[in-house]
$ cat work.txt   # compact mmCIF, C-alpha atoms
# COMPACT_ATOMS: atom_id res chain seq x y z
CA MET A 25 116.90 11.79 206.25
CA THR A 26 113.53 13.00 204.93
CA GLN A 27 114.90 16.56 204.86
CA LEU A 28 117.95 15.41 202.86
CA ILE A 29 115.76 13.70 200.28
CA PHE A 30 113.58 16.84 200.10
CA PHE A 31 116.61 19.11 199.48
CA ILE A 32 118.03 16.68 196.89
CA LEU A 33 114.68 16.68 195.07
CA VAL A 34 114.52 20.48 195.16
CA GLY A 35 118.08 20.65 193.86
CA LEU A 36 117.30 18.24 191.04
CA LEU A 37 114.20 20.23 190.13
CA LEU A 38 116.21 23.43 190.05
CA ILE A 39 118.88 21.89 187.83
CA ALA A 40 116.20 20.46 185.53
CA SER A 41 114.44 23.81 185.26
CA VAL A 42 117.74 25.56 184.47
CA PHE A 43 118.41 23.03 181.68
CA LEU A 44 114.86 23.47 180.41
CA MET A 45 115.19 27.24 180.35
CA MET A 46 118.53 27.06 178.55
CA ALA A 47 117.10 24.67 175.96
CA ARG A 48 114.07 26.91 175.39
CA ARG A 49 116.22 30.02 175.09
CA GLY A 50 118.48 28.33 172.51
CA ARG A 51 115.51 27.10 170.52
CA LYS A 52 113.88 30.54 170.61
CA ALA A 53 117.02 32.26 169.33
CA GLU A 54 117.45 29.80 166.50
CA GLY A 55 113.75 29.72 165.60
CA GLY A 56 113.51 33.49 165.89
CA ALA A 57 116.35 34.03 163.44
CA GLN A 58 114.77 31.60 161.00
CA ALA A 59 111.37 33.26 161.44
CA LEU A 60 113.02 36.63 160.79
CA VAL A 61 114.57 35.35 157.55
CA ASP A 62 111.26 33.77 156.50
CA ALA A 63 109.32 36.93 157.29
CA ARG A 64 111.76 39.08 155.34
CA HIS A 65 111.52 36.70 152.41
CA ALA A 66 107.70 36.64 152.62
CA LEU A 67 107.47 40.43 152.72
CA SER A 68 109.81 40.80 149.73
CA ALA A 69 107.96 38.13 147.75
CA LEU A 70 104.61 39.76 148.44
CA GLN A 71 105.65 43.35 147.82
CA LEU A 72 107.94 42.82 144.85
CA ASP A 73 106.65 39.71 143.09
CA LEU A 74 103.05 38.87 143.92
CA LEU A 75 101.15 42.02 144.81
CA PRO A 76 102.22 44.71 142.33
CA SER A 77 99.06 45.82 140.55
CA GLU A 78 100.83 45.37 137.20
CA LEU A 79 101.05 41.63 137.76
CA VAL A 80 97.47 41.23 138.96
CA GLY A 81 96.27 43.43 136.11
CA ARG A 82 98.34 41.49 133.62
CA ILE A 83 96.94 38.11 134.68
CA LEU A 84 93.38 39.42 134.44
CA ALA A 85 93.87 41.64 131.38
CA MET A 86 90.58 41.94 129.52
CA ARG A 87 92.36 42.68 126.25
CA ASP A 88 93.59 39.06 126.21
CA SER A 89 90.15 37.70 126.99
CA GLU A 90 88.55 39.86 124.29
CA TYR A 91 91.19 38.90 121.73
CA ILE A 92 90.70 35.20 122.43
CA ARG A 93 86.92 35.48 122.28
CA ALA A 94 87.01 37.38 118.98
CA GLU A 95 89.76 35.53 117.17
CA THR A 96 89.89 31.90 118.24
CA SER A 97 87.91 28.68 118.24
CA PRO A 98 85.99 27.36 121.28
CA ARG A 99 88.78 24.82 121.87
CA ILE A 100 91.40 27.58 122.28
CA GLN A 101 88.98 29.69 124.31
CA GLU A 102 88.60 26.76 126.71
CA MET A 103 92.39 26.29 126.84
CA PHE A 104 92.82 30.00 127.58
CA ARG A 105 90.26 29.90 130.42
CA ARG A 106 91.90 26.80 131.89
CA GLU A 107 95.38 28.33 131.76
CA ARG A 108 94.30 31.65 133.28
CA LYS A 109 92.46 29.81 136.03
CA ARG A 110 95.54 27.73 136.80
CA ILE A 111 97.74 30.85 136.97
CA ALA A 112 95.23 32.73 139.14
CA LEU A 113 94.94 29.80 141.54
CA SER A 114 98.73 29.54 141.69
CA TRP A 115 98.87 33.27 142.46
CA VAL A 116 96.39 33.14 145.34
CA ARG A 117 98.06 29.99 146.73
CA GLN A 118 101.42 31.77 146.80
CA VAL A 119 99.95 34.93 148.34
CA ARG A 120 98.29 32.82 151.05
CA GLY A 121 101.52 30.92 151.70
CA GLN A 122 103.53 34.12 152.14
CA ILE A 123 100.83 35.66 154.36
CA LEU A 124 100.95 32.55 156.55
CA SER A 125 104.72 32.86 156.78
CA LEU A 126 104.44 36.51 157.78
CA ARG A 127 101.77 35.68 160.36
CA ARG A 128 103.99 32.98 161.89
CA PHE A 129 106.61 35.62 162.48
CA HIS A 130 104.14 38.02 164.06
CA LEU A 131 102.70 35.28 166.26
CA GLY A 132 106.07 34.11 167.48
CA ALA A 133 109.19 36.15 167.14
CA ALA A 134 107.93 39.65 166.43
CA ARG A 135 107.77 40.61 170.10
CA SER A 136 111.49 39.97 170.39
CA TYR A 137 112.30 42.43 167.64
CA ALA A 138 109.65 45.10 167.50
CA GLN A 139 107.91 47.36 169.96
CA LEU A 140 104.35 46.44 169.07
CA SER A 141 101.51 47.67 171.18
CA PHE A 142 98.86 45.19 172.28
CA ARG A 143 96.30 47.04 170.18
CA THR A 144 98.50 46.86 167.05
CA GLU A 145 99.05 43.16 167.59
CA ILE A 146 95.33 42.48 167.96
CA GLY A 147 94.62 44.56 164.87
CA LEU A 148 97.24 42.67 162.89
CA ALA A 149 95.90 39.32 164.09
CA LEU A 150 92.40 40.22 162.92
CA ASP A 151 93.74 41.48 159.58
CA PHE A 152 95.69 38.26 159.08
CA ALA A 153 92.64 36.14 159.89
CA ALA A 154 90.38 38.14 157.56
CA LEU A 155 92.90 38.04 154.72
CA LEU A 156 93.53 34.31 155.03
CA PHE A 157 89.79 33.72 155.00
CA ALA A 158 89.44 35.97 151.94
CA CYS A 159 92.19 33.97 150.18
CA ARG A 160 90.30 30.74 150.86
CA VAL A 161 87.04 32.19 149.54
CA LEU A 162 88.86 33.52 146.50
CA GLN A 163 90.39 30.09 145.84
CA VAL A 164 86.93 28.52 145.87
CA MET A 165 85.49 31.24 143.61
CA LEU A 166 88.39 30.98 141.17
CA TYR A 167 88.01 27.23 141.08
CA LEU A 168 84.27 27.39 140.48
CA ARG A 169 83.96 30.41 138.22
CA GLY A 170 87.42 31.29 136.87
CA PRO A 171 89.39 34.55 137.20
CA TYR A 172 87.38 36.63 134.76
CA ALA A 173 84.22 36.15 136.81
CA VAL A 174 85.74 37.58 140.00
CA PRO A 175 88.24 40.31 138.99
CA ARG A 176 87.08 42.71 141.70
CA MET A 177 87.57 40.05 144.34
CA VAL A 178 91.11 39.36 143.14
CA GLU A 179 91.92 43.07 143.17
CA ALA A 180 90.35 43.53 146.61
CA THR A 181 92.38 40.65 148.03
CA ALA A 182 95.57 42.03 146.51
CA SER A 183 94.79 45.49 147.96
CA ALA A 184 94.06 44.04 151.41
CA ALA A 185 97.32 42.06 151.31
CA THR A 186 99.21 45.19 150.24
CA ARG A 187 97.74 47.16 153.16
CA LEU A 188 98.66 44.38 155.58
CA CYS A 189 102.20 44.34 154.23
CA SER A 190 102.45 48.10 154.80
CA VAL A 191 101.31 47.77 158.42
CA SER A 192 103.65 44.86 158.97
CA GLU A 193 106.52 46.72 157.35
CA LYS A 194 105.94 49.84 159.44
CA SER A 195 105.90 47.90 162.69
CA LEU A 196 108.94 45.91 161.60
CA ALA A 197 110.97 48.52 159.75
CA PHE A 198 114.03 46.31 159.62
CA LEU A 199 112.15 43.92 157.32
CA LYS A 200 112.14 46.46 154.50
CA PRO A 201 113.12 44.74 151.22
CA ALA A 202 116.58 45.60 149.98
CA HIS A 203 115.69 45.86 146.28
CA PRO A 204 112.46 47.69 145.63
CA GLY A 205 111.17 47.55 142.08
CA SER A 206 108.64 45.94 139.87
CA TYR A 207 108.97 42.93 137.64
CA LEU A 208 106.78 44.33 134.97
CA ASP A 209 108.09 47.17 132.92
CA HIS A 210 106.04 48.31 129.98
CA SER A 211 108.14 51.27 129.06
CA ALA A 212 111.56 49.89 128.27
CA GLY A 213 112.57 48.36 125.01
CA ALA A 214 109.12 47.48 123.76
CA ALA A 215 109.08 46.59 120.12
CA MET B 26 128.51 53.17 135.98
CA ASP B 27 130.50 50.79 133.74
CA VAL B 28 127.59 48.38 133.67
CA GLN B 29 125.23 51.19 132.65
CA GLN B 30 127.60 52.23 129.86
CA ALA B 31 127.93 48.63 128.71
CA THR B 32 124.14 48.22 128.80
CA ASP B 33 123.66 51.37 126.73
CA ASP B 34 126.31 50.18 124.30
CA LEU B 35 124.63 46.79 123.99
CA ARG B 36 121.25 48.40 123.37
CA ARG B 37 122.63 50.83 120.80
CA ARG B 38 124.91 48.54 118.82
CA THR B 39 123.29 45.11 119.07
CA LEU B 40 119.76 45.13 120.41
CA ALA B 41 118.66 48.05 118.23
CA GLU B 42 119.13 45.68 115.28
CA ILE B 43 116.67 43.22 116.85
CA PRO B 44 113.28 44.94 116.86
CA ARG B 45 111.13 42.13 118.31
CA VAL B 46 111.39 41.55 122.06
CA LEU B 47 110.94 37.80 121.58
CA ASP B 48 113.98 37.71 119.31
CA ARG B 49 115.94 39.77 121.84
CA LEU B 50 115.02 37.37 124.64
CA ILE B 51 116.13 34.38 122.59
CA TYR B 52 119.31 36.11 121.47
CA LEU B 53 120.26 37.18 125.01
CA ALA B 54 119.48 33.71 126.39
CA SER B 55 121.76 32.27 123.72
CA THR B 56 124.68 34.34 125.02
CA ARG B 57 124.41 32.53 128.35
CA ASP B 58 126.50 29.47 129.14
CA TYR B 59 124.05 26.88 130.48
CA ASN B 60 126.74 25.25 132.60
CA THR B 61 127.70 28.38 134.49
CA GLY B 62 124.79 30.79 133.98
CA LEU B 63 127.29 33.45 132.86
CA TYR B 64 126.77 35.58 129.76
CA TYR B 65 129.46 36.03 127.10
CA HIS B 66 129.81 38.64 124.38
CA ASP B 67 133.28 39.08 122.90
CA GLY B 68 132.79 42.59 121.53
CA LEU B 69 131.29 43.92 124.74
CA ALA B 70 133.88 42.13 126.89
CA SER B 71 136.75 43.62 124.88
CA ARG B 72 135.46 47.13 125.59
CA PHE B 73 134.19 46.80 129.15
CA GLY B 74 135.67 43.58 130.55
CA GLN B 75 134.05 40.17 130.94
CA GLU B 76 132.40 40.80 134.29
CA VAL B 77 130.76 44.08 133.26
CA ALA B 78 129.68 42.60 129.92
CA CYS B 79 128.10 39.69 131.74
CA GLU B 80 126.11 42.00 134.02
CA ALA B 81 124.99 44.19 131.11
CA LEU B 82 123.76 41.14 129.18
CA ALA B 83 121.96 39.85 132.25
CA ASP B 84 120.27 43.27 132.78
CA CYS B 85 119.09 43.38 129.17
CA HIS B 86 117.90 39.77 129.42
CA ARG B 87 115.80 40.58 132.49
CA GLU B 88 114.42 43.67 130.76
CA ALA B 89 113.42 41.70 127.65
CA PHE B 90 111.71 39.14 129.87
CA ARG B 91 109.74 41.82 131.74
CA VAL B 92 108.61 43.47 128.52
CA LEU B 93 107.52 40.14 127.05
CA VAL B 94 105.56 39.24 130.18
CA GLY B 95 103.81 42.62 129.90
CA ALA B 96 103.00 42.12 126.21
CA SER B 97 99.43 41.24 125.28
CA LEU B 98 98.59 37.80 123.96
CA GLN B 99 97.87 39.25 120.55
CA ASP B 100 101.27 40.93 120.51
CA LEU B 101 102.95 37.67 121.54
CA VAL B 102 101.17 35.77 118.76
CA ASN B 103 102.33 38.37 116.23
CA GLN B 104 105.88 38.25 117.58
CA MET B 105 105.92 34.45 117.37
CA GLN B 106 104.57 34.58 113.82
CA GLY B 107 107.33 37.06 112.90
CA TYR B 108 110.00 34.98 114.60
CA MET B 109 108.77 31.79 112.92
CA ASP B 110 108.85 33.48 109.50
CA SER B 111 112.36 34.78 110.13
CA THR B 112 113.71 31.27 110.79
CA HIS B 113 112.73 30.12 107.26
CA THR B 114 111.63 26.82 108.77
CA ARG B 115 108.44 25.09 107.65
CA ALA B 116 105.69 26.34 109.92
CA THR B 117 104.54 22.82 110.83
CA ASP B 118 108.09 21.79 111.78
CA PHE B 119 108.60 24.95 113.82
CA LEU B 120 105.31 24.63 115.69
CA THR B 121 105.81 20.91 116.37
CA ALA B 122 109.31 21.52 117.72
CA TRP B 123 108.20 24.39 119.93
CA ARG B 124 105.22 22.46 121.23
CA LYS B 125 107.26 19.35 122.02
CA LEU B 126 110.60 20.81 123.13
CA GLU B 127 109.26 24.01 124.72
CA PRO B 128 112.52 25.88 124.05
CA TYR B 129 111.13 29.02 125.67
CA ARG B 130 111.60 27.35 129.06
CA VAL B 131 115.37 27.82 128.86
CA ALA B 132 115.07 31.40 127.63
CA VAL B 133 114.13 32.97 130.97
CA PRO B 134 116.68 34.77 133.16
CA VAL B 135 117.87 33.07 136.34
CA GLU B 136 116.11 33.90 139.60
CA THR B 137 112.97 34.81 137.72
CA ASP B 138 109.85 34.71 139.87
CA PRO B 139 108.35 31.24 139.16
CA LEU B 140 104.82 32.64 138.80
CA LEU B 141 105.92 35.17 136.17
CA ALA B 142 107.83 32.47 134.28
CA ASP B 143 104.81 30.17 134.47
CA PHE B 144 102.58 32.98 133.19
CA LEU B 145 104.84 33.56 130.19
CA PHE B 146 105.06 29.81 129.46
CA SER B 147 101.28 29.64 129.62
CA ASN B 148 101.02 32.50 127.10
CA PHE B 149 103.50 30.74 124.82
CA LYS B 150 101.37 27.59 124.92
CA ILE B 151 98.22 29.52 124.01
CA ALA B 152 100.04 31.47 121.28
CA LEU B 153 101.34 28.21 119.78
CA ALA B 154 97.82 26.77 119.77
CA ILE B 155 96.55 29.90 117.97
CA LEU B 156 99.30 29.69 115.34
CA GLU B 157 98.62 25.98 114.81
CA ALA B 158 94.92 26.66 114.39
CA ARG B 159 95.72 29.37 111.85
CA LEU B 160 97.90 26.93 109.94
CA ASN B 161 95.22 24.25 109.86
CA ARG B 162 92.47 26.66 108.90
CA PRO B 163 91.26 26.03 105.34
CA PRO B 164 92.29 28.88 103.05
CA ALA B 165 89.57 31.39 102.43
CA GLY B 166 88.86 31.79 98.75
CA PRO B 167 86.32 31.26 96.00
CA SER B 168 86.27 27.49 96.62
CA ALA B 169 85.53 28.02 100.31
CA SER B 170 82.52 30.21 99.67
CA PRO B 171 79.15 28.57 99.28
CA HIS B 172 77.92 28.03 95.76
CA PRO B 173 75.02 30.21 94.66

$ encode --input "work.txt" --output "structure tokens"
Amino acid sequence: MTQLIFFILVGLLLIASVFLMMARRGRKAEGGAQALVDARHALSALQLDLLPSELVGRILAMRDSEYIRAETSPRIQEMFRRERKRIALSWVRQVRGQILSLRRFHLGAARSYAQLSFRTEIGLALDFAALLFACRVLQVMLYLRGPYAVPRMVEATASAATRLCSVSEKSLAFLKPAHPGSYLDHSAGAA
Amino acid sequence: MDVQQATDDLRRRTLAEIPRVLDRLIYLASTRDYNTGLYYHDGLASRFGQEVACEALADCHREAFRVLVGASLQDLVNQMQGYMDSTHTRATDFLTAWRKLEPYRVAVPVETDPLLADFLFSNFKIALAILEARLNRPPAGPSASPHP
């Protein structure tokens, strides 16, 4: 009788573990696909929209700052500083958000899709951590001092994010954006 | 290839007559049906078909947007001054309407990156403030100079 109960318990445990494994596998496939889509979107957004040097340069263009300082009243100068600060903070918030999305993919689903060495993964993890920390510091600096006080820091963060995207893209070649190009075009049709 | 030809045709025949990028952006946005997001241009459609004309207009709209985002604040102020003068509206009425209605918000192409759109809107706001300040500035003249 005791043996029968033991075998029934073992059988139930086996059935439960099979169900658990099936549930985990299903969740992983679904989550992995979603993570893949998110990572692809994050990489495209970073490489095409947020990180091109034209955009960063445009937001921090000194010619605008100099024009405002030379031609306008203190009230408009203050408005200009406030607006540029808001845009710069929005930029770094979006960069950080997309980096987080990309990191989620690397932490979770990347192993299923790419042949990443342990060393590459550790390197990427450190790069992600450093970049996310840099974004936080930049947010604080932008908030306290405004974008024109920390242009080098903005450029350095953008460069670090660009490098990280390149590494991520190389290790996950299938994430390459379908439509390369830049949003800013100074050459065409200018009046 | 058809779209490229239609785009070239649009640039040569229509957009060449509109020198300011701001005017081009507003013109191209006005060819878009706000209910469907599709662009219409009878002349272009008769030569290249509606679908190709729509794509050509959308391409030129995106291009005008990119160029305007890349323009300096000073250039944008000058373009807005020129556009305002060309409407033959009283400057105060024009500036009040633009400040309150923010018509530039509907002039951006669809699927524009929100940050870029926000950046351009921000520049419009600053440019409007500069034009308003210019309008309210007392005229410089003999009466404005200090008496000896």

$ interface_residues --input "work.txt" --of "chain B" --to "chain A" --cutoff "8 Å" --atoms "only C-alpha atoms" --output "list in words"
Pro44, Arg45, Val46, Glu88, Ala89, Arg91, Val92, Val94, Gly95, Ala96, Ser97, Leu98, Gln99, Asp138, Leu140, Asp143, Phe144, Ser147, Ile151, Ala154 and Ile155 of chain B

$ atom_distance --input "work.txt" --atom1 "atom CA of Arg87 of chain B" --atom2 "atom CA of Leu120 of chain B"
25.4 Å

$ atom_distance --input "work.txt" --atom1 "atom CA of Arg176 of chain A" --atom2 "atom CA of Phe129 of chain A"
29.4 Å

$ closest_residue --input "work.txt" --among "A:Ala149, A:Lys194, A:Leu131, A:Leu113" --to "Met165 of chain A" --atoms "all atoms listed in the file"
A:Leu113

$ atom_distance --input "work.txt" --atom1 "atom CA of Ile123 of chain A" --atom2 "atom CA of Pro76 of chain A"
15.1 Å

$ closest_residue --input "work.txt" --among "B:Leu145, B:Ala122, B:Ala31, B:Met105" --to "Cys79 of chain B" --atoms "only C-alpha atoms"
B:Ala31

$ residues_around --input "work.txt" --residues "segment 106-117 of chain B" --least-positions-apart "3" --cutoff "12 Å" --atoms "all atoms listed in the file" --output "count of residues only"
31

$ residues_around --input "work.txt" --residues "Gln29 of chain B" --least-positions-apart "6" --cutoff "12 Å" --atoms "only C-alpha atoms" --output "list in words"
Leu35, Arg36, Phe73, Val77, Ala78, Cys79, Glu80, Ala81, Leu82, Ala83, Asp84 and Cys85 of chain B

$ residues_near_point --input "work.txt" --point "(114.2, 34.3, 129.1)" --cutoff "6 Å" --atoms "only C-alpha atoms" --output "NGL selection string"
:B and (50 or 54 or 90 or 132-134)

$ closest_residue --input "work.txt" --among "A:His65, A:Arg160, A:Arg187, A:Arg169" --to "Val116 of chain A" --atoms "only C-alpha atoms"
A:Arg160
